[in-house]
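The structure under discussion appears below in the form of C-alpha cells.
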Amino acid sequence: QFMRASVSKTGELDTNKVWSYKLKEDLFKRVTKLPNGKNHGMVMYVDWSGSMSANISNTIEQTLILSDFCKKVSIPFEVFAFSDNSYLSGLKYGVSDLSYRKDKFSKRNKDLAIDGRNVYLINLLSNRMSKAEYRNAQHRLLQLGAAFDPSDDDYENRYVRSLRTHTVPTYLTLHGTPLDESIILATYFIEQFKAVNKLDVANTIFLTDGDGAETRCIWENGHYRALSNEAGSKMYNAVLKDPATGIVVTCKPNEPMTVGLLKMMKAKTNTNLVGYFISTRPMKTTINYMANLYGQHVDLEGATRFSRKNKYFGLDNTGYDKYFLVLSKDLEVQESKIDVKDDFNKRELLKAFVSNQKNKVLNRILLNKFIEQIA
C-alpha cells in the first residue's frame, strides 16, 4: 500500500514555504494519497478422513502451492487438518484413555456444544514457522501424500503398509470427518487470527470430499446429539443464536446444519468463505448429486461442458461465498514440457508456449481462485 502511494499538490499555499519564494517556485502544500489496500490472511482446513485417501496426495500438492504463494507475498497463513483420530489425544496429553477429560464449558439444554473427544485440528503449515521448519514440514507432507497415494506402487497395498520403511504415524492416519465441529472451532480461531495479524480480511478455505459425519453438536438431556438423528427433525427450522453478539441464523428445513454454521461464521467474522468439494466420480454425476443436495436447479449439460473447460464448477447458496466442485485428478500438479519441433516457426512456437502455460494455470486451481478472491 505504501509502495503505491503518490504525492500531489493541493493548490493551497504552504505558509511555511513562503519565505523561500525567491529560491523556489513550489510553494504549494502537498498531500500523500494512499490507494485502497487491505491486509489479507488465509486459513485452510483440510479434510483428514478415510475417504480422502485417494485425494490426499493431490490435495497436499495444491496446498503447498497455495502456502508458498502466501509466504512469498507475505500473507499470514495457517493450514490445519481436521480429524477425529483419538490417537491425537495421546500425542498431546501422553495418555490414550479419554475418560478422564472434562469439558470446559457449561451445558444447557439446546446449547450448541462440541464433544472435545471427537475433533482435533492439526496445524500442518504456518507463516510462523522458520524457513527450516517450513521446508521440513513440506517434505513430511509430500511423504505422507506418497504414503496415501493408491497409485504409488511402493504403497499400493495398504495392508502391508505397516511393514514398509515409511510408515504413517498412528496420529496422522485418516479417520472420520468432523466438519461441523471444525467450523465451530474455526469461527473462534478466525477472530483471533485477524486480531493477532492485524488483518482487514481473512480468507477461510475448507477442502472436503463430502459432508461431515453425523454431527453431535447439540447438548440435550445429558448427552450430545445430532439434530438430524430424530425422526422428522428435518421438517422444521433450526435456529442458531450467538449470545455474545445476538446474531441469529436459520437453517431451513432439509438444509444441512453445515450451512447454518457457515452462515454464523460469516456473520461473526466477515471472513471470505471458500469451499472445495473434491470428487472421484465423474463431474456430471458430482454436479447432479450436489445440486440436488442443496436444492438447486442447474443446466446439467452446460455445467458439464463448463467444468470440462475450466476444471471446476461453482454452486451458490451453500453457506460459502464461493463453493467449487473439482475432480481429484484435476488437482494433480503436472509439469508438462513444451513440445517443440525443429521446423517450428515463430507462430507455432508461441502457440506451444501458450498451451503449456495454460496447462500450468489449470493445474493450480486452489491458487488461481485464491488470487481472484484477494485481487
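Please note that chains go A, B, ... in the order of the C-alpha cells, that every chain numbers its residues from 1, and that ligands are numbered from 1 in the order shown.
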
Taking the chain letters and numbering used in this document, name the residues of region 106-135 of chain A that DSSP puts in strand (DSSP E or B), as a list in words.
-> Asp111, Leu112, Tyr120, Leu121, Ile122, Asn123, Leu124, Leu125 and Ser126 of chain A

Fewer than 3 positions away in the same chain doesn't count, so skip those; otherwise give me all residues within 10 Å of Phe277 (chain A), counting only C-alpha atoms, as a ChimeraX atom specification.
-> /A:206-211,286,290,312-314,323-328

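In this structure, CA of Gly176 (chain A) sits 7.3 Å away from CA of Asn85 (chain A).
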
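The gap separating CA of Ala81 (chain A) from CA of Leu124 (chain A) is 6.9 Å, in Å to one decimal.
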
Fewer than 4 positions away in the same chain doesn't count, so skip those; otherwise give me all residues within 8 Å of region 63-77 of chain A, counting only C-alpha atoms, as JSON, numbers by chain.
-> {"A": [39, 40, 41, 42, 43, 44, 59, 125, 126, 127, 138, 197, 364, 366, 367]}

Those residues you just picked out, can you put them in a file as a CSV table (one decimal), in the first residue's frame with all heavy atoms?
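Below is the file that was written, out.csv:
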chain,number,residue,atom,x,y,z
A,39,ASN,N,-5.1,-5.7,4.2
A,39,ASN,CA,-4.3,-6.8,4.6
A,39,ASN,C,-5.1,-8.1,4.6
A,39,ASN,O,-6.1,-8.2,5.3
A,39,ASN,CB,-3.7,-6.5,6.0
A,39,ASN,CG,-2.8,-5.3,6.0
A,39,ASN,OD1,-2.0,-5.1,5.0
A,39,ASN,ND2,-2.8,-4.6,7.1
A,40,HIS,N,-4.6,-9.1,3.9
A,40,HIS,CA,-5.3,-10.3,3.8
A,40,HIS,C,-4.5,-11.4,4.6
A,40,HIS,O,-3.3,-11.3,4.8
A,40,HIS,CB,-5.4,-10.8,2.3
A,40,HIS,CG,-6.4,-10.1,1.5
A,40,HIS,ND1,-7.7,-10.7,1.3
A,40,HIS,CD2,-6.5,-8.9,1.0
A,40,HIS,CE1,-8.4,-9.9,0.6
A,40,HIS,NE2,-7.7,-8.8,0.4
A,41,GLY,N,-5.3,-12.4,5.0
A,41,GLY,CA,-4.7,-13.6,5.6
A,41,GLY,C,-5.5,-14.8,5.1
A,41,GLY,O,-6.6,-14.7,4.6
A,42,MET,N,-4.9,-16.0,5.3
A,42,MET,CA,-5.5,-17.2,4.7
A,42,MET,C,-5.4,-18.3,5.8
A,42,MET,O,-4.4,-18.6,6.3
A,42,MET,CB,-4.8,-17.6,3.4
A,42,MET,CG,-5.5,-18.8,2.7
A,42,MET,SD,-5.0,-20.5,3.3
A,42,MET,CE,-3.3,-20.5,2.7
A,43,VAL,N,-6.6,-19.0,6.0
A,43,VAL,CA,-6.6,-20.2,6.9
A,43,VAL,C,-7.3,-21.3,6.1
A,43,VAL,O,-8.4,-21.1,5.6
A,43,VAL,CB,-7.4,-19.9,8.2
A,43,VAL,CG1,-7.3,-21.1,9.1
A,43,VAL,CG2,-6.8,-18.7,8.9
A,44,MET,N,-6.6,-22.4,6.0
A,44,MET,CA,-7.2,-23.6,5.3
A,44,MET,C,-7.4,-24.7,6.2
A,44,MET,O,-6.6,-25.0,7.1
A,44,MET,CB,-6.2,-23.9,4.2
A,44,MET,CG,-6.7,-25.1,3.3
A,44,MET,SD,-5.5,-25.7,2.1
A,44,MET,CE,-5.6,-24.3,1.0
A,59,THR,N,-4.2,-33.2,-3.0
A,59,THR,CA,-4.6,-32.1,-2.2
A,59,THR,C,-3.4,-31.4,-1.5
A,59,THR,O,-3.3,-30.2,-1.4
A,59,THR,CB,-5.6,-32.5,-1.1
A,59,THR,OG1,-6.8,-33.1,-1.7
A,59,THR,CG2,-6.1,-31.4,-0.2
A,125,LEU,N,0.9,-26.4,8.5
A,125,LEU,CA,1.8,-25.3,8.0
A,125,LEU,C,1.4,-24.0,8.6
A,125,LEU,O,0.3,-23.8,8.9
A,125,LEU,CB,1.7,-25.3,6.5
A,125,LEU,CG,2.2,-26.5,5.7
A,125,LEU,CD1,1.7,-26.3,4.2
A,125,LEU,CD2,3.7,-26.6,5.7
A,126,SER,N,2.4,-23.1,8.7
A,126,SER,CA,2.1,-21.8,9.3
A,126,SER,C,3.2,-20.8,8.8
A,126,SER,O,4.4,-21.2,8.6
A,126,SER,CB,2.1,-21.8,10.8
A,126,SER,OG,2.0,-20.5,11.4
A,127,ASN,N,2.8,-19.5,8.7
A,127,ASN,CA,3.8,-18.5,8.4
A,127,ASN,C,4.7,-18.2,9.6
A,127,ASN,O,5.7,-17.6,9.5
A,127,ASN,CB,3.1,-17.2,8.0
A,127,ASN,CG,2.3,-16.6,9.1
A,127,ASN,OD1,1.2,-17.1,9.5
A,127,ASN,ND2,2.8,-15.5,9.7
A,138,GLN,N,7.1,-29.3,4.6
A,138,GLN,CA,6.7,-29.6,3.3
A,138,GLN,C,7.2,-31.0,2.8
A,138,GLN,O,6.4,-31.8,2.2
A,138,GLN,CB,7.3,-28.6,2.3
A,138,GLN,CG,6.7,-27.2,2.4
A,138,GLN,CD,7.2,-26.3,1.3
A,138,GLN,OE1,8.4,-26.1,1.2
A,138,GLN,NE2,6.3,-25.6,0.6
A,197,ASN,N,-2.7,-10.8,13.6
A,197,ASN,CA,-2.0,-10.4,12.4
A,197,ASN,C,-2.5,-9.0,11.9
A,197,ASN,O,-2.0,-8.6,10.8
A,197,ASN,CB,-2.2,-11.5,11.3
A,197,ASN,CG,-1.5,-12.8,11.7
A,197,ASN,OD1,-0.3,-12.9,11.6
A,197,ASN,ND2,-2.3,-13.7,12.1
A,364,ARG,N,-3.3,-25.4,-11.2
A,364,ARG,CA,-3.2,-24.7,-9.9
A,364,ARG,C,-4.5,-24.1,-9.5
A,364,ARG,O,-4.7,-22.9,-9.3
A,364,ARG,CB,-2.1,-23.6,-9.9
A,364,ARG,CG,-0.7,-24.3,-10.0
A,364,ARG,CD,0.4,-23.4,-10.7
A,364,ARG,NE,1.7,-24.0,-10.6
A,364,ARG,CZ,2.1,-25.0,-11.3
A,364,ARG,NH1,1.3,-25.6,-12.1
A,364,ARG,NH2,3.4,-25.5,-11.1
A,366,LEU,N,-6.5,-24.2,-6.8
A,366,LEU,CA,-6.7,-23.5,-5.5
A,366,LEU,C,-6.0,-22.1,-5.5
A,366,LEU,O,-6.6,-21.1,-5.0
A,366,LEU,CB,-6.1,-24.3,-4.3
A,366,LEU,CG,-7.0,-25.3,-3.6
A,366,LEU,CD1,-7.5,-26.4,-4.6
A,366,LEU,CD2,-6.3,-26.0,-2.5
A,367,LEU,N,-4.8,-22.1,-6.1
A,367,LEU,CA,-4.1,-20.8,-6.1
A,367,LEU,C,-4.8,-19.8,-7.0
A,367,LEU,O,-5.0,-18.6,-6.6
A,367,LEU,CB,-2.7,-21.1,-6.6
A,367,LEU,CG,-1.8,-19.8,-6.8
A,367,LEU,CD1,-1.7,-19.1,-5.5
A,367,LEU,CD2,-0.5,-20.2,-7.4

Surrounding residues of Ile190 (chain A) excluding itself and chain neighbours under 2 positions, 8 Å, only C-alpha atoms, as a VMD selection string | chain A and resid 43 186 to 188 192 to 194 202 269 271

Could you name the residues that touch Gly50 (chain A) at 9 Å or less, counting only C-alpha atoms, but leaving out those on the same chain fewer than 6 positions away, as a PyMOL selection string?
-> chain A and resi 173-177

Next, dump the selected residues to file, keeping only N, CA, C and O atoms, as a short mmCIF file (atom, residue, chain, number, x, y, z; two decimals), in the first residue's frame.
data_model
loop_
_atom_site.label_atom_id
_atom_site.label_comp_id
_atom_site.auth_asym_id
_atom_site.auth_seq_id
_atom_site.Cartn_x
_atom_site.Cartn_y
_atom_site.Cartn_z
N THR A 173 -3.01 -40.99 10.78
CA THR A 173 -3.84 -41.84 9.93
C THR A 173 -5.20 -41.19 9.73
O THR A 173 -5.63 -40.34 10.51
N LEU A 174 -5.89 -41.60 8.68
CA LEU A 174 -7.15 -40.98 8.29
C LEU A 174 -8.31 -41.61 9.05
O LEU A 174 -8.37 -42.84 9.17
N HIS A 175 -9.25 -40.79 9.53
CA HIS A 175 -10.39 -41.30 10.30
C HIS A 175 -11.69 -40.68 9.80
O HIS A 175 -12.00 -40.74 8.63
N GLY A 176 -12.45 -40.04 10.69
CA GLY A 176 -13.76 -39.50 10.33
C GLY A 176 -13.69 -38.06 9.86
O GLY A 176 -12.61 -37.49 9.65
N THR A 177 -14.88 -37.45 9.69
CA THR A 177 -14.98 -36.10 9.13
C THR A 177 -15.76 -35.18 10.07
O THR A 177 -16.96 -34.95 9.87
#
